[in-house]
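S.K.: Just dropping this structure here.
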Amino acid sequence: MVNYLARLSEWADTHLTLIRNISTGMAIAGVILLSKSVKLTTKFTNAVEIPIEFIEKNVKLRGRLHRITEQGLEIEHVPIVLPIISSLQRRWHADGLLLVRLAGVELTPDGTVWLKKELIPSQMMWFQLLGRKDSVLDCLVVVSKGRFSSICLNEEILRQGLGRTVQVEGLSHESRIYWKLHKRLLQAELKAVKRNKGIWKEATFSEKLREHINNNKYVQKLKQLATWVRIRL
């Protein structure tokens with residue numbers, strides 16, 4: 001028995017590298033199977049690829065901004081990376097962008113301009129899944145501002161008066177998260193109203209007078225007459 005244990009120990013010492021490789025291989029295989037089963041490392045390239053349970057649980061995903069359009073933000077999903085198998089992950093990942101809309105916000109054209117000014121291509125951001133309609137994701141989008149601070153774009157747009165609060169698509173009106181989020185957005189919008197910012201800015205007396213004159217029927221007829229005379233001459 002002693003000789004058997006000695007021989008086994010000697011064999012193990014001789015083939016230590018092989019044993020380590022086998023153990024490492026089994027560990028990697030286990031991590032791969034686990035990660036693929038719960039989609040921890042899956043790169044989503046289309047909204048329909050995202051499991052419904054991710055949306056129901058309002059999972060937060062990380063992504064890289066590519067461009068800003070009138071329809072929303074086009075973001076490349078950046079999944080969790082496992083250092084050991086990072087090269088393999090790159091082979092699995094396909095190309096494609098997710099179209100993300102700011103949930104609960106009706107963006108104005110000036111709001112789109114502001115986003116293009118404040119955000120830069122390849123900027124990293126987090127987007128929390130709240131709803132999905134066809135190929136569009138309704139999300140809360142958060143970007144980092146310095147090392148220790150961040151801002152929610154949904155709220156910031158409303159604080160700047162560059163949008164209006166609307167119904168949050170994808171969330172049940174009876175859910176706690178719906179009312180919690182809706183309250184946050186309304187509070188952000190109220191700040192813009194109190195400060196007369198953006199779309200809530202009150203027109204000055206001269207602006208109101210100019211608008212009243214331009215909309216006057218007699219003034220409009222005089223303009224038409226002046227245009228007719230100019231064409232005749």
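Going by the structure tokens order, chains are called A, B, ..., each with residues numbered from 1, while ligands are numbered from 1 in the order shown.
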I'd like the contact shell of stretch 131-145 of chain A - 6 Å cut-off, only C-alpha atoms, skipping same-chain residues fewer than 4 positions apart - returned as a list in words.
M.R.: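 Residues near the query, excluding close chain neighbours: Ala47, Leu99, Val100, Arg101, Leu102, Ala103, Met125, Trp126, Phe127, Ser149, Ser150, Ile151, Cys152, Leu153, Glu169 and Gly170 of chain A.
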S.K.: Next, dump the selected residues to file, keeping only C-alpha atoms, as an mmCIF file, in the first residue's frame.
M.R.:
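What landed in selection_27.cif:
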```
data_model
loop_
_atom_site.group_PDB
_atom_site.id
_atom_site.type_symbol
_atom_site.label_atom_id
_atom_site.label_comp_id
_atom_site.auth_asym_id
_atom_site.auth_seq_id
_atom_site.Cartn_x
_atom_site.Cartn_y
_atom_site.Cartn_z
ATOM 1 C CA ALA A 47 -33.004 43.895 -29.310
ATOM 2 C CA LEU A 99 -31.164 51.119 -30.745
ATOM 3 C CA VAL A 100 -31.786 52.633 -27.314
ATOM 4 C CA ARG A 101 -34.470 55.211 -26.553
ATOM 5 C CA LEU A 102 -34.552 57.378 -23.424
ATOM 6 C CA ALA A 103 -37.475 55.908 -21.493
ATOM 7 C CA MET A 125 -22.435 54.019 -20.730
ATOM 8 C CA TRP A 126 -24.835 51.840 -18.792
ATOM 9 C CA PHE A 127 -28.408 51.302 -19.940
ATOM 10 C CA SER A 149 -20.016 61.117 -10.468
ATOM 11 C CA SER A 150 -22.481 60.149 -13.158
ATOM 12 C CA ILE A 151 -25.680 61.509 -14.681
ATOM 13 C CA CYS A 152 -28.882 59.930 -15.932
ATOM 14 C CA LEU A 153 -29.486 61.261 -19.451
ATOM 15 C CA GLU A 169 -43.165 52.146 -22.198
ATOM 16 C CA GLY A 170 -42.793 48.553 -21.118
#
```
S.K.: Report as a ChimeraX atom specification all protein, DNA and RNA residues lying within 9 Å of stretch 181-193 of chain A, evaluated on only C-alpha atoms, omitting residues in the same chain fewer than 6 positions from it.
M.R.: /A:104-105,154-168,199-201
S.K.: Could you check how far atom CA of A:Leu98 sits from atom CA of A:Lys57, in Å to one decimal?
M.R.: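 Straight-line distance from atom CA of A:Leu98 to atom CA of A:Lys57 works out to 18.6 Å.
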S.K.: How would you write, as a VMD selection string, the set of residues in stretch 45-191 of chain A that DSSP gives as strand (DSSP E)?
M.R.: chain A and resid 60 to 68 73 to 77 98 to 102 105 to 107 124 to 133 136 to 144 150 to 152 163 to 165
S.K.: Can you write just those residues out, C-alpha atoms, as a CSV table (one decimal), in the first residue's frame?
M.R.:
```
chain,number,residue,atom,x,y,z
A,60,LYS,CA,-28.3,46.9,-16.6
A,61,LEU,CA,-26.1,46.4,-19.6
A,62,ARG,CA,-22.9,48.2,-20.6
A,63,GLY,CA,-22.3,49.6,-24.0
A,64,ARG,CA,-20.2,51.9,-26.2
A,65,LEU,CA,-21.9,54.8,-28.0
A,66,HIS,CA,-21.6,54.8,-31.8
A,67,ARG,CA,-24.0,57.5,-33.0
A,68,ILE,CA,-27.0,59.6,-32.1
A,73,LEU,CA,-28.8,56.1,-29.4
A,74,GLU,CA,-27.1,53.4,-31.4
A,75,ILE,CA,-25.0,51.5,-28.8
A,76,GLU,CA,-22.7,48.6,-29.1
A,77,HIS,CA,-23.2,46.1,-26.3
A,98,LEU,CA,-28.7,48.2,-30.3
A,99,LEU,CA,-31.2,51.1,-30.7
A,100,VAL,CA,-31.8,52.6,-27.3
A,101,ARG,CA,-34.5,55.2,-26.6
A,102,LEU,CA,-34.6,57.4,-23.4
A,105,VAL,CA,-38.8,61.2,-22.4
A,106,GLU,CA,-40.2,62.9,-25.5
A,107,LEU,CA,-37.0,64.4,-26.9
A,124,MET,CA,-19.0,54.0,-22.4
A,125,MET,CA,-22.4,54.0,-20.7
A,126,TRP,CA,-24.8,51.8,-18.8
A,127,PHE,CA,-28.4,51.3,-19.9
A,128,GLN,CA,-31.1,49.7,-17.7
A,129,LEU,CA,-33.6,47.7,-19.7
A,130,LEU,CA,-37.2,48.8,-19.0
A,131,GLY,CA,-39.1,47.8,-22.1
A,132,ARG,CA,-38.8,46.6,-25.7
A,133,LYS,CA,-40.9,47.4,-28.7
A,136,VAL,CA,-36.1,49.5,-30.0
A,137,LEU,CA,-35.2,49.3,-26.3
A,138,ASP,CA,-36.6,51.8,-23.7
A,139,CYS,CA,-33.9,52.4,-21.1
A,140,LEU,CA,-32.5,54.5,-18.4
A,141,VAL,CA,-29.1,55.6,-19.7
A,142,VAL,CA,-26.3,56.6,-17.3
A,143,VAL,CA,-23.0,58.1,-18.3
A,144,SER,CA,-19.9,58.8,-16.1
A,150,SER,CA,-22.5,60.1,-13.2
A,151,ILE,CA,-25.7,61.5,-14.7
A,152,CYS,CA,-28.9,59.9,-15.9
A,163,GLY,CA,-37.9,67.2,-23.6
A,164,ARG,CA,-41.2,66.3,-21.9
A,165,THR,CA,-42.1,63.5,-19.7
```
S.K.: So how far away is atom CA of A:Lys116 from atom CA of A:Val59, in Å?
M.R.: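 Calculated distance between atom CA of A:Val59 and atom CA of A:Lys116 is 25.9 Å.
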S.K.: Would you work out the distance separating atom CA of A:Leu97 from atom CA of A:Phe44, expressed in Å to one decimal?
M.R.: 8.1 Å
